[in-house]
$ cat query-v8.pdb   # PDB, C-alpha atoms
ATOM      1  CA  MET A   1       0.000   0.000   0.000
ATOM      2  CA  ASP A   2       1.326   3.453  -0.905
ATOM      3  CA  THR A   3       1.332   5.575   2.235
ATOM      4  CA  THR A   4       2.734   8.699   0.528
ATOM      5  CA  LYS A   5      -0.331   9.778  -1.454
ATOM      6  CA  GLY A   6      -1.184  13.421  -1.052
ATOM      7  CA  LEU A   7       2.434  14.467  -0.364
ATOM      8  CA  ASP A   8       4.041  17.086  -2.572
ATOM      9  CA  ALA A   9       7.011  15.048  -3.821
ATOM     10  CA  ASP A  10       8.315  18.038  -5.790
ATOM     11  CA  LEU A  11       9.429  19.526  -2.459
ATOM     12  CA  TYR A  12      12.143  16.903  -2.114
ATOM     13  CA  THR A  13      15.526  16.858  -3.844
ATOM     14  CA  ARG A  14      17.396  14.519  -1.476
ATOM     15  CA  ILE A  15      16.701  11.106  -0.037
ATOM     16  CA  THR A  16      18.400   9.184   2.747
ATOM     17  CA  LEU A  17      17.847   5.435   3.000
ATOM     18  CA  ARG A  18      18.548   3.587   6.245
ATOM     19  CA  ILE A  19      19.058  -0.177   5.946
ATOM     20  CA  SER A  20      19.693  -2.547   8.825
ATOM     21  CA  GLY A  21      19.261  -6.275   9.307
ATOM     22  CA  ASN A  22      15.670  -5.961  10.459
ATOM     23  CA  ALA A  23      14.504  -2.508   9.371
ATOM     24  CA  PHE A  24      14.255  -0.182   6.408
ATOM     25  CA  SER A  25      13.329   3.482   6.543
ATOM     26  CA  PHE A  26      13.881   6.576   4.447
ATOM     27  CA  ALA A  27      13.733  10.345   4.719
ATOM     28  CA  CYS A  28      13.180  12.800   1.883
ATOM     29  CA  SER A  29      14.170  16.448   2.193
ATOM     30  CA  ASN A  30      14.678  19.622   0.251
ATOM     31  CA  ASP A  31      18.131  21.167  -0.247
ATOM     32  CA  THR A  32      17.946  23.242   2.935
ATOM     33  CA  GLY A  33      16.548  20.446   5.096
ATOM     34  CA  SER A  34      13.621  22.657   6.146
ATOM     35  CA  GLN A  35      11.128  20.136   4.738
ATOM     36  CA  VAL A  36      11.592  16.500   5.765
ATOM     37  CA  GLU A  37       9.344  13.477   5.359
ATOM     38  CA  TYR A  38      10.365  10.341   7.281
ATOM     39  CA  LYS A  39       8.873   6.873   6.796
ATOM     40  CA  LYS A  40       9.602   3.478   8.312
ATOM     41  CA  TYR A  41       8.720   0.755   5.844
ATOM     42  CA  PRO A  42       7.202  -2.434   7.336
ATOM     43  CA  LEU A  43       9.274  -5.399   6.184
ATOM     44  CA  SER A  44       7.593  -8.627   5.107
ATOM     45  CA  ALA A  45       8.787 -11.611   7.131
ATOM     46  CA  GLY A  46      10.140 -14.606   5.270
ATOM     47  CA  ILE A  47      11.569 -12.743   2.287
ATOM     48  CA  SER A  48      15.005 -11.225   1.789
ATOM     49  CA  MET A  49      15.960  -7.596   2.233
ATOM     50  CA  ALA A  50      16.423  -7.388  -1.553
ATOM     51  CA  ALA A  51      12.844  -8.579  -2.088
ATOM     52  CA  ASN A  52      11.561  -6.128   0.519
ATOM     53  CA  LEU A  53      13.392  -3.276  -1.170
ATOM     54  CA  LYS A  54      11.979  -4.217  -4.572
ATOM     55  CA  GLU A  55       8.532  -4.134  -3.023
ATOM     56  CA  ALA A  56       9.189  -0.769  -1.358
ATOM     57  CA  PHE A  57      10.483   0.866  -4.536
ATOM     58  CA  GLY A  58       7.433  -0.482  -6.325
ATOM     59  CA  ASN A  59       4.746   0.822  -3.987
ATOM     60  CA  GLN A  60       6.141   3.927  -2.322
ATOM     61  CA  ALA A  61       5.686   7.071  -4.399
ATOM     62  CA  LEU A  62       8.518   8.929  -2.681
ATOM     63  CA  LEU A  63      10.952   6.149  -3.588
ATOM     64  CA  ARG A  64      10.000   6.404  -7.266
ATOM     65  CA  GLN A  65      11.037  10.053  -7.557
ATOM     66  CA  SER A  66      14.360  11.200  -9.006
ATOM     67  CA  TYR A  67      16.756  12.755  -6.501
ATOM     68  CA  GLY A  68      19.930  14.708  -7.049
ATOM     69  CA  HIS A  69      21.465  13.370  -3.847
ATOM     70  CA  VAL A  70      20.996   9.820  -2.498
ATOM     71  CA  GLN A  71      22.608   8.766   0.783
ATOM     72  CA  VAL A  72      22.406   5.171   2.043
ATOM     73  CA  MET A  73      23.136   4.483   5.711
ATOM     74  CA  ILE A  74      24.230   0.881   6.288
ATOM     75  CA  ASP A  75      23.952  -0.968   9.574
ATOM     76  CA  SER A  76      26.509  -3.764   9.247
ATOM     77  CA  PRO A  77      29.525  -4.879  11.351
ATOM     78  CA  VAL A  78      32.257  -2.241  11.196
ATOM     79  CA  MET A  79      36.003  -2.727  11.429
ATOM     80  CA  LEU A  80      37.949   0.390  12.407
ATOM     81  CA  VAL A  81      41.538   0.710  11.200
ATOM     82  CA  PRO A  82      43.949   3.548  12.118
ATOM     83  CA  LEU A  83      44.840   5.522   8.997
ATOM     84  CA  ASP A  84      48.547   5.213   9.664
ATOM     85  CA  GLU A  85      48.243   1.399   9.788
ATOM     86  CA  LEU A  86      46.043   1.023   6.718
ATOM     87  CA  ARG A  87      47.169  -1.520   4.125
ATOM     88  CA  GLU A  88      44.413  -1.539   1.517
ATOM     89  CA  PRO A  89      45.383  -4.837  -0.168
ATOM     90  CA  GLU A  90      45.030  -6.553   3.223
ATOM     91  CA  LEU A  91      41.737  -4.933   4.211
ATOM     92  CA  GLU A  92      39.415  -7.715   3.036
ATOM     93  CA  ILE A  93      41.603 -10.388   4.648
ATOM     94  CA  LEU A  94      41.596  -8.486   7.937
ATOM     95  CA  TYR A  95      37.835  -8.071   7.808
ATOM     96  CA  GLU A  96      37.224 -11.763   7.187
ATOM     97  CA  HIS A  97      39.501 -12.635  10.120
ATOM     98  CA  ALA A  98      37.688 -10.164  12.384
ATOM     99  CA  PHE A  99      34.129 -11.012  11.344
ATOM    100  CA  SER A 100      33.088 -13.465   8.639
ATOM    101  CA  SER A 101      33.231 -14.281   4.940
ATOM    102  CA  LEU A 102      32.523 -11.486   2.474
ATOM    103  CA  LYS A 103      30.907 -13.886   0.027
ATOM    104  CA  GLY A 104      28.022 -12.082  -1.675
ATOM    105  CA  LYS A 105      29.153  -8.759  -0.202
ATOM    106  CA  VAL A 106      31.315  -5.809  -1.176
ATOM    107  CA  LEU A 107      33.570  -4.165   1.406
ATOM    108  CA  GLN A 108      33.049  -0.409   1.498
ATOM    109  CA  THR A 109      35.171   2.125   3.366
ATOM    110  CA  ALA A 110      34.589   5.518   4.912
ATOM    111  CA  VAL A 111      37.414   7.819   5.969
ATOM    112  CA  LEU A 112      37.011   9.432   9.401
ATOM    113  CA  PRO A 113      39.628  12.201   9.199
ATOM    114  CA  ASP A 114      38.888  13.755  12.609
ATOM    115  CA  LEU A 115      39.510  10.372  14.212
ATOM    116  CA  SER A 116      42.464   9.324  12.023
ATOM    117  CA  ALA A 117      40.649   6.115  11.123
ATOM    118  CA  ILE A 118      38.935   4.314   8.307
ATOM    119  CA  ALA A 119      35.706   2.360   8.777
ATOM    120  CA  ALA A 120      35.350  -0.807   6.687
ATOM    121  CA  TYR A 121      31.873  -2.335   6.418
ATOM    122  CA  PRO A 122      30.155  -4.820   4.079
ATOM    123  CA  VAL A 123      27.273  -4.134   1.711
ATOM    124  CA  ALA A 124      25.218  -7.058   0.387
ATOM    125  CA  LYS A 125      25.368  -7.235  -3.398
ATOM    126  CA  SER A 126      21.798  -8.560  -3.621
ATOM    127  CA  TRP A 127      20.046  -5.527  -2.228
ATOM    128  CA  ALA A 128      22.687  -3.006  -3.305
ATOM    129  CA  SER A 129      21.791  -3.859  -6.914
ATOM    130  CA  VAL A 130      18.150  -3.024  -6.141
ATOM    131  CA  VAL A 131      19.109   0.334  -4.639
ATOM    132  CA  GLU A 132      21.421   1.208  -7.517
ATOM    133  CA  GLU A 133      18.845   0.215 -10.133
ATOM    134  CA  HIS A 134      16.552   2.923  -8.785
ATOM    135  CA  CYS A 135      19.208   5.293  -7.421
ATOM    136  CA  PRO A 136      22.317   5.019  -9.628
ATOM    137  CA  ASN A 137      23.969   7.952  -7.838
ATOM    138  CA  ALA A 138      23.667   6.366  -4.370
ATOM    139  CA  ARG A 139      26.491   7.004  -1.888
ATOM    140  CA  TYR A 140      27.021   4.664   1.061
ATOM    141  CA  MET A 141      28.107   5.336   4.606
ATOM    142  CA  PRO A 142      28.194   3.349   7.872
ATOM    143  CA  LEU A 143      25.160   4.108   9.991
ATOM    144  CA  MET A 144      27.362   5.093  12.936
ATOM    145  CA  GLN A 145      29.448   7.711  11.112
ATOM    146  CA  PRO A 146      27.423  10.829  11.998
ATOM    147  CA  VAL A 147      27.012   9.596  15.601
ATOM    148  CA  TRP A 148      30.766   9.042  15.988
ATOM    149  CA  THR A 149      31.580  12.456  14.547
ATOM    150  CA  PHE A 150      29.044  14.329  16.650
ATOM    151  CA  LEU A 151      29.939  12.638  19.938
ATOM    152  CA  HIS A 152      33.663  12.967  19.260
ATOM    153  CA  HIS A 153      33.263  16.740  18.982
ATOM    154  CA  ARG A 154      31.087  16.691  22.070
ATOM    155  CA  SER A 155      33.743  14.752  24.016
ATOM    156  CA  PHE A 156      36.102  17.756  24.117
ATOM    157  CA  SER A 157      34.214  19.281  27.063
ATOM    158  CA  GLY A 158      35.424  18.330  30.541
ATOM    159  CA  SER A 159      38.501  16.414  31.604
ATOM    160  CA  GLN A 160      36.906  13.192  32.852
ATOM    161  CA  GLU A 161      36.884   9.959  30.866
ATOM    162  CA  LYS A 162      33.713   9.346  28.858
ATOM    163  CA  LEU A 163      32.078   6.224  27.486
ATOM    164  CA  TYR A 164      29.302   6.572  24.897
ATOM    165  CA  ALA A 165      26.642   3.945  24.238
ATOM    166  CA  TYR A 166      24.278   4.195  21.294
ATOM    167  CA  PHE A 167      21.193   1.941  21.445
ATOM    168  CA  HIS A 168      19.513   1.042  18.150
ATOM    169  CA  ASP A 169      17.955  -1.971  16.421
ATOM    170  CA  ASN A 170      18.454  -4.136  19.560
ATOM    171  CA  ARG A 171      22.183  -3.371  19.519
ATOM    172  CA  ILE A 172      24.559  -1.292  21.614
ATOM    173  CA  GLU A 173      27.498   0.469  20.005
ATOM    174  CA  ALA A 174      29.910   1.410  22.797
ATOM    175  CA  PHE A 175      32.912   3.660  22.181
ATOM    176  CA  SER A 176      35.281   6.172  23.733
ATOM    177  CA  PHE A 177      37.851   8.618  22.417
ATOM    178  CA  GLY A 178      41.331   9.780  23.338
ATOM    179  CA  LYS A 179      43.741  12.129  21.558
ATOM    180  CA  ASN A 180      41.521  12.396  18.449
ATOM    181  CA  ARG A 181      41.349   8.639  18.066
ATOM    182  CA  PHE A 182      39.090   5.799  19.065
ATOM    183  CA  LYS A 183      40.215   4.447  22.416
ATOM    184  CA  PHE A 184      37.586   1.704  22.351
ATOM    185  CA  TYR A 185      34.796   0.479  20.087
ATOM    186  CA  ASN A 186      32.624  -2.618  20.251
ATOM    187  CA  ALA A 187      29.052  -3.634  19.478
ATOM    188  CA  PHE A 188      26.706  -6.044  21.210
ATOM    189  CA  ASP A 189      23.326  -7.444  20.104
ATOM    190  CA  TYR A 190      20.959  -7.861  23.024
ATOM    191  CA  THR A 191      17.479  -9.196  23.710
ATOM    192  CA  HIS A 192      16.916  -8.140  27.318
ATOM    193  CA  ASP A 193      17.668  -4.810  28.970
ATOM    194  CA  LEU A 194      19.787  -6.402  31.698
ATOM    195  CA  ASP A 195      22.046  -7.951  29.038
ATOM    196  CA  ALA A 196      22.747  -4.425  27.818
ATOM    197  CA  VAL A 197      23.551  -3.312  31.373
ATOM    198  CA  TYR A 198      25.991  -6.190  31.958
ATOM    199  CA  PHE A 199      27.743  -5.471  28.669
ATOM    200  CA  LEU A 200      28.263  -1.790  29.504
ATOM    201  CA  LEU A 201      29.486  -2.530  33.024
ATOM    202  CA  TYR A 202      31.951  -5.057  31.608
ATOM    203  CA  VAL A 203      33.248  -2.478  29.109
ATOM    204  CA  TRP A 204      33.505   0.105  31.902
ATOM    205  CA  LYS A 205      35.610  -2.289  33.986
ATOM    206  CA  GLN A 206      37.735  -3.250  30.977
ATOM    207  CA  LEU A 207      38.572   0.409  30.343
ATOM    208  CA  GLY A 208      39.429   0.977  33.996
ATOM    209  CA  TYR A 209      37.089   3.932  34.389
ATOM    210  CA  GLU A 210      36.147   5.299  37.808
ATOM    211  CA  SER A 211      32.608   4.711  39.056
ATOM    212  CA  THR A 212      32.337   8.163  40.633
ATOM    213  CA  ALA A 213      34.423  10.509  38.485
ATOM    214  CA  ASP A 214      33.997   9.310  34.888
ATOM    215  CA  THR A 215      30.857   9.585  32.780
ATOM    216  CA  LEU A 216      28.630   7.250  30.794
ATOM    217  CA  PHE A 217      26.479   8.870  28.109
ATOM    218  CA  LEU A 218      23.538   6.902  26.733
ATOM    219  CA  CYS A 219      21.733   7.813  23.530
ATOM    220  CA  GLY A 220      19.277   6.414  21.019
ATOM    221  CA  SER A 221      16.376   4.092  21.846
ATOM    222  CA  VAL A 222      17.501   3.778  25.477
ATOM    223  CA  GLU A 223      15.211   6.742  26.114
ATOM    224  CA  SER A 224      12.298   4.273  26.159
ATOM    225  CA  SER A 225      13.924   2.030  28.786
ATOM    226  CA  ASP A 226      13.975   3.471  32.284
ATOM    227  CA  GLN A 227      15.258   0.154  33.645
ATOM    228  CA  VAL A 228      18.628   0.424  31.880
ATOM    229  CA  VAL A 229      19.291   3.881  33.298
ATOM    230  CA  LYS A 230      18.021   2.955  36.769
ATOM    231  CA  VAL A 231      20.204  -0.152  37.072
ATOM    232  CA  LEU A 232      23.322   1.522  35.679
ATOM    233  CA  ARG A 233      22.974   4.328  38.220
ATOM    234  CA  GLN A 234      23.194   1.753  40.985
ATOM    235  CA  TYR A 235      26.814   1.157  39.953
ATOM    236  CA  LEU A 236      27.932   4.372  38.232
ATOM    237  CA  GLN A 237      27.423   7.827  39.628
ATOM    238  CA  GLN A 238      27.630   9.790  36.367
ATOM    239  CA  VAL A 239      25.083   8.337  33.916
ATOM    240  CA  PHE A 240      23.317  10.711  31.515
ATOM    241  CA  VAL A 241      20.901  10.296  28.621
ATOM    242  CA  VAL A 242      21.705  12.485  25.617
ATOM    243  CA  ASN A 243      18.636  14.525  24.618
ATOM    244  CA  PRO A 244      18.736  15.339  20.880
ATOM    245  CA  THR A 245      16.272  18.229  21.240
ATOM    246  CA  ALA A 246      18.632  19.966  23.649
ATOM    247  CA  GLU A 247      21.819  18.907  21.833
ATOM    248  CA  PHE A 248      20.596  20.228  18.481
ATOM    249  CA  ASN A 249      19.148  23.468  19.843
ATOM    250  CA  ARG A 250      15.540  22.427  19.265
ATOM    251  CA  ALA A 251      16.134  21.985  15.550
ATOM    252  CA  PRO A 252      12.928  20.990  13.683
ATOM    253  CA  ILE A 253      14.492  17.649  12.705
ATOM    254  CA  THR A 254      14.321  16.558  16.361
ATOM    255  CA  GLN A 255      10.528  16.744  16.173
ATOM    256  CA  VAL A 256      10.222  14.232  13.323
ATOM    257  CA  ALA A 257       8.378  11.313  14.909
ATOM    258  CA  GLY A 258      10.198   7.979  14.933
ATOM    259  CA  MET A 259      13.406   9.150  13.271
ATOM    260  CA  PRO A 260      16.447   7.353  14.794
ATOM    261  CA  LEU A 261      19.252   9.437  16.255
ATOM    262  CA  ASP A 262      21.798   8.420  13.598
ATOM    263  CA  MET A 263      19.632   9.799  10.781
ATOM    264  CA  MET A 264      18.642  12.818  12.850
ATOM    265  CA  THR A 265      22.312  13.578  13.513
ATOM    266  CA  LEU A 266      23.120  13.301   9.801
ATOM    267  CA  PHE A 267      20.506  15.938   9.033
ATOM    268  CA  ALA A 268      21.466  18.213  11.946
ATOM    269  CA  LYS A 269      25.264  17.889  11.929
ATOM    270  CA  GLY A 270      26.277  16.136   8.710
ATOM    271  CA  ARG A 271      28.637  13.195   8.296
TER     272      ARG A 271
END
$ encode --input "query-v8.pdb" --output "structure tokens"
Amino acid sequence: MDTTKGLDADLYTRITLRISGNAFSFACSNDTGSQVEYKKYPLSAGISMAANLKEAFGNQALLRQSYGHVQVMIDSPVMLVPLDELREPELEILYEHAFSSLKGKVLQTAVLPDLSAIAAYPVAKSWASVVEEHCPNARYMPLMQPVWTFLHHRSFSGSQEKLYAYFHDNRIEAFSFGKNRFKFYNAFDYTHDLDAVYFLLYVWKQLGYESTADTLFLCGSVESSDQVVKVLRQYLQQVFVVNPTAEFNRAPITQVAGMPLDMMTLFAKGR
């Protein structure tokens, strides 16, 4: 069913697609970002992401428009490599050692100049061909890139150590920075809230952070889980939830219902 009828598609010149293992959404905007339409597409169980995308491009009017700028945010396992240690011919071998086979996938990279790192992440050929059939000018990026960049800039305030945890798609991405580099980065898929708590407390201990002086910042879908925050505060004194409305100075993008923080940050702060 086309849920975009009645919308003025001529308003929009840009589209951002967000693809993860269990979700697909997209946001259309004009050049200034003052007009944004966000939609989460309900995936059909039992068929592949490629088949779901074919269906979406077939029945969503906004996806059938032509756009001058197409950005695709990919939620797939990321390997971070320091720029000064990068050996491009060895990148695929390293990735397969760190994660799994790249069969049926293409390894993409994104340079993170502020963090002196490169992010390597896989894109499935099956659904990438669907995207590129409809959006031949599509540009890919790891879903976490705008979140890393924004929180890295935010980390300059204060002298205490900081650990950031981004909750999305039943996953935690935990990371910290030091001297304009990643000090730590890891991801964990969870089913229950307490599993997320145990993971973060283990990371905190592994990093050797202080329970009273250092700070844990939580962001993303954790806002809907009071239990996570409540339990963490039993062990750590400085636990805060990042509020995008306050962080982005009440920008209109923060009022778009259902939009995940990574996409919101891309619109508000860029890559």
$ residues_around --input "query-v8.pdb" --residues "Phe150 (chain A)" --least-positions-apart "2" --cutoff "9 Å" --atoms "only C-alpha atoms" --output "MDAnalysis selection string"
chainID A and resid 145:148 152:155 265 269:271
$ closest_residue --input "query-v8.pdb" --among "A:Leu112, A:Val228, A:Ala124, A:Val70" --to "Ala165 (chain A)" --atoms "all atoms listed in the file"
A:Val228
$ residues_around --input "query-v8.pdb" --residues "Met141 (chain A)" --least-positions-apart "3" --cutoff "12 Å" --atoms "all atoms listed in the file" --output "PyMOL selection string"
chain A and resi 16-19+70-76+78+107-112+118-123+138+144-147+262-263+266+270-271
$ atom_distance --input "query-v8.pdb" --atom1 "CA of Glu210 (chain A)" --atom2 "CA of Glu247 (chain A)"
25.4 Å
$ atom_distance --input "query-v8.pdb" --atom1 "CA of Ser129 (chain A)" --atom2 "CA of Asp31 (chain A)"
26.2 Å
$ closest_residue --input "query-v8.pdb" --among "A:Phe199, A:Thr215, A:Ala117, A:Val130" --to "Ser157 (chain A)" --atoms "only C-alpha atoms"
A:Thr215
$ resolve_selection --input "query-v8.pdb" --expression "the PyMOL selection byres ((chain A and resi 172) around 8)" --output "ChimeraX atom specification"
/A:165-168,170-171,173-174,187-190,196
$ resolve_selection --input "query-v8.pdb" --expression "the PyMOL selection byres ((chain A and resi 84) around 10)" --output "list in words"
Val81, Pro82, Leu83, Glu85, Leu86, Arg87, Ser116, Ala117 and Ile118 of chain A
$ write_last_selection --input "query-v8.pdb" --atoms "C-alpha atoms" --output "tab-separated table (two decimals), in the coordinates of the input"
chain	number	residue	atom	x	y	z
A	81	VAL	CA	41.54	0.71	11.20
A	82	PRO	CA	43.95	3.55	12.12
A	83	LEU	CA	44.84	5.52	9.00
A	85	GLU	CA	48.24	1.40	9.79
A	86	LEU	CA	46.04	1.02	6.72
A	87	ARG	CA	47.17	-1.52	4.12
A	116	SER	CA	42.46	9.32	12.02
A	117	ALA	CA	40.65	6.12	11.12
A	118	ILE	CA	38.94	4.31	8.31
$ resolve_selection --input "query-v8.pdb" --expression "the PyMOL selection byres ((chain A and resi 33) around 12)" --output "PDB file with C-alpha atoms, in the coordinates of the input"
ATOM      1  CA  LEU A  11       9.429  19.526  -2.459  1.00  0.00           C
ATOM      2  CA  TYR A  12      12.143  16.903  -2.114  1.00  0.00           C
ATOM      3  CA  THR A  13      15.526  16.858  -3.844  1.00  0.00           C
ATOM      4  CA  ARG A  14      17.396  14.519  -1.476  1.00  0.00           C
ATOM      5  CA  ILE A  15      16.701  11.106  -0.037  1.00  0.00           C
ATOM      6  CA  THR A  16      18.400   9.184   2.747  1.00  0.00           C
ATOM      7  CA  ALA A  27      13.733  10.345   4.719  1.00  0.00           C
ATOM      8  CA  CYS A  28      13.180  12.800   1.883  1.00  0.00           C
ATOM      9  CA  SER A  29      14.170  16.448   2.193  1.00  0.00           C
ATOM     10  CA  ASN A  30      14.678  19.622   0.251  1.00  0.00           C
ATOM     11  CA  ASP A  31      18.131  21.167  -0.247  1.00  0.00           C
ATOM     12  CA  THR A  32      17.946  23.242   2.935  1.00  0.00           C
ATOM     13  CA  SER A  34      13.621  22.657   6.146  1.00  0.00           C
ATOM     14  CA  GLN A  35      11.128  20.136   4.738  1.00  0.00           C
ATOM     15  CA  VAL A  36      11.592  16.500   5.765  1.00  0.00           C
ATOM     16  CA  GLU A  37       9.344  13.477   5.359  1.00  0.00           C
ATOM     17  CA  ALA A 251      16.134  21.985  15.550  1.00  0.00           C
ATOM     18  CA  PRO A 252      12.928  20.990  13.683  1.00  0.00           C
ATOM     19  CA  ILE A 253      14.492  17.649  12.705  1.00  0.00           C
ATOM     20  CA  MET A 264      18.642  12.818  12.850  1.00  0.00           C
ATOM     21  CA  LEU A 266      23.120  13.301   9.801  1.00  0.00           C
ATOM     22  CA  PHE A 267      20.506  15.938   9.033  1.00  0.00           C
ATOM     23  CA  ALA A 268      21.466  18.213  11.946  1.00  0.00           C
ATOM     24  CA  LYS A 269      25.264  17.889  11.929  1.00  0.00           C
ATOM     25  CA  GLY A 270      26.277  16.136   8.710  1.00  0.00           C
TER      26      GLY A 270
END
$ atom_distance --input "query-v8.pdb" --atom1 "CA of Phe240 (chain A)" --atom2 "CA of Phe26 (chain A)"
29.0 Å
$ closest_residue --input "query-v8.pdb" --among "A:Lys179, A:Ala128, A:Asp226, A:Ala23" --to "Ala45 (chain A)" --atoms "only C-alpha atoms"
A:Ala23
$ closest_residue --input "query-v8.pdb" --among "A:Thr212, A:Leu102, A:Pro244, A:Phe177" --to "Pro77 (chain A)" --atoms "only C-alpha atoms"
A:Leu102
$ residues_around --input "query-v8.pdb" --residues "Tyr235 (chain A)" --least-positions-apart "5" --cutoff "10 Å" --atoms "all atoms listed in the file" --output "NGL selection string"
:A and (201 or 211-212 or 230)
$ closest_residue --input "query-v8.pdb" --among "A:Ser48, A:Ser225, A:Gly220, A:Leu163" --to "Gly258 (chain A)" --atoms "only C-alpha atoms"
A:Gly220
$ closest_residue --input "query-v8.pdb" --among "A:Phe24, A:Tyr202, A:Tyr209, A:Tyr41" --to "Gln237 (chain A)" --atoms "all atoms listed in the file"
A:Tyr209
$ build_atoms --input "query-v8.pdb" --residues "region 253-264 of chain A" --atoms "N, CA, C and O atoms" --output "short mmCIF file (atom, residue, chain, number, x, y, z; two decimals), in the frame of the given file"
data_model
loop_
_atom_site.label_atom_id
_atom_site.label_comp_id
_atom_site.auth_asym_id
_atom_site.auth_seq_id
_atom_site.Cartn_x
_atom_site.Cartn_y
_atom_site.Cartn_z
N ILE A 253 14.28 19.06 13.01
CA ILE A 253 14.49 17.65 12.70
C ILE A 253 14.28 16.78 13.94
O ILE A 253 13.91 15.61 13.83
N THR A 254 14.49 17.34 15.13
CA THR A 254 14.32 16.56 16.36
C THR A 254 12.85 16.29 16.67
O THR A 254 12.56 15.49 17.56
N GLN A 255 11.95 16.94 15.95
CA GLN A 255 10.53 16.74 16.17
C GLN A 255 9.92 15.77 15.18
O GLN A 255 8.70 15.53 15.20
N VAL A 256 10.73 15.20 14.30
CA VAL A 256 10.22 14.23 13.32
C VAL A 256 9.98 12.91 14.04
O VAL A 256 10.92 12.27 14.52
N ALA A 257 8.75 12.50 14.13
CA ALA A 257 8.38 11.31 14.91
C ALA A 257 9.03 10.04 14.37
O ALA A 257 8.98 9.78 13.17
N GLY A 258 9.66 9.28 15.27
CA GLY A 258 10.20 7.98 14.93
C GLY A 258 11.57 7.97 14.30
O GLY A 258 12.16 6.90 14.13
N MET A 259 12.10 9.12 13.94
CA MET A 259 13.41 9.15 13.27
C MET A 259 14.51 8.76 14.25
O MET A 259 14.63 9.33 15.33
N PRO A 260 15.36 7.76 13.90
CA PRO A 260 16.45 7.35 14.79
C PRO A 260 17.52 8.43 14.89
O PRO A 260 17.69 9.26 13.97
N LEU A 261 18.26 8.40 15.99
CA LEU A 261 19.25 9.44 16.26
C LEU A 261 20.32 9.51 15.17
O LEU A 261 20.77 10.60 14.83
N ASP A 262 20.74 8.37 14.61
CA ASP A 262 21.80 8.42 13.60
C ASP A 262 21.37 9.24 12.39
O ASP A 262 22.12 10.07 11.87
N MET A 263 20.14 9.03 11.92
CA MET A 263 19.63 9.80 10.78
C MET A 263 19.40 11.25 11.16
O MET A 263 19.70 12.17 10.40
N MET A 264 18.87 11.46 12.36
CA MET A 264 18.64 12.82 12.85
C MET A 264 19.95 13.60 12.91
O MET A 264 20.03 14.78 12.52
#
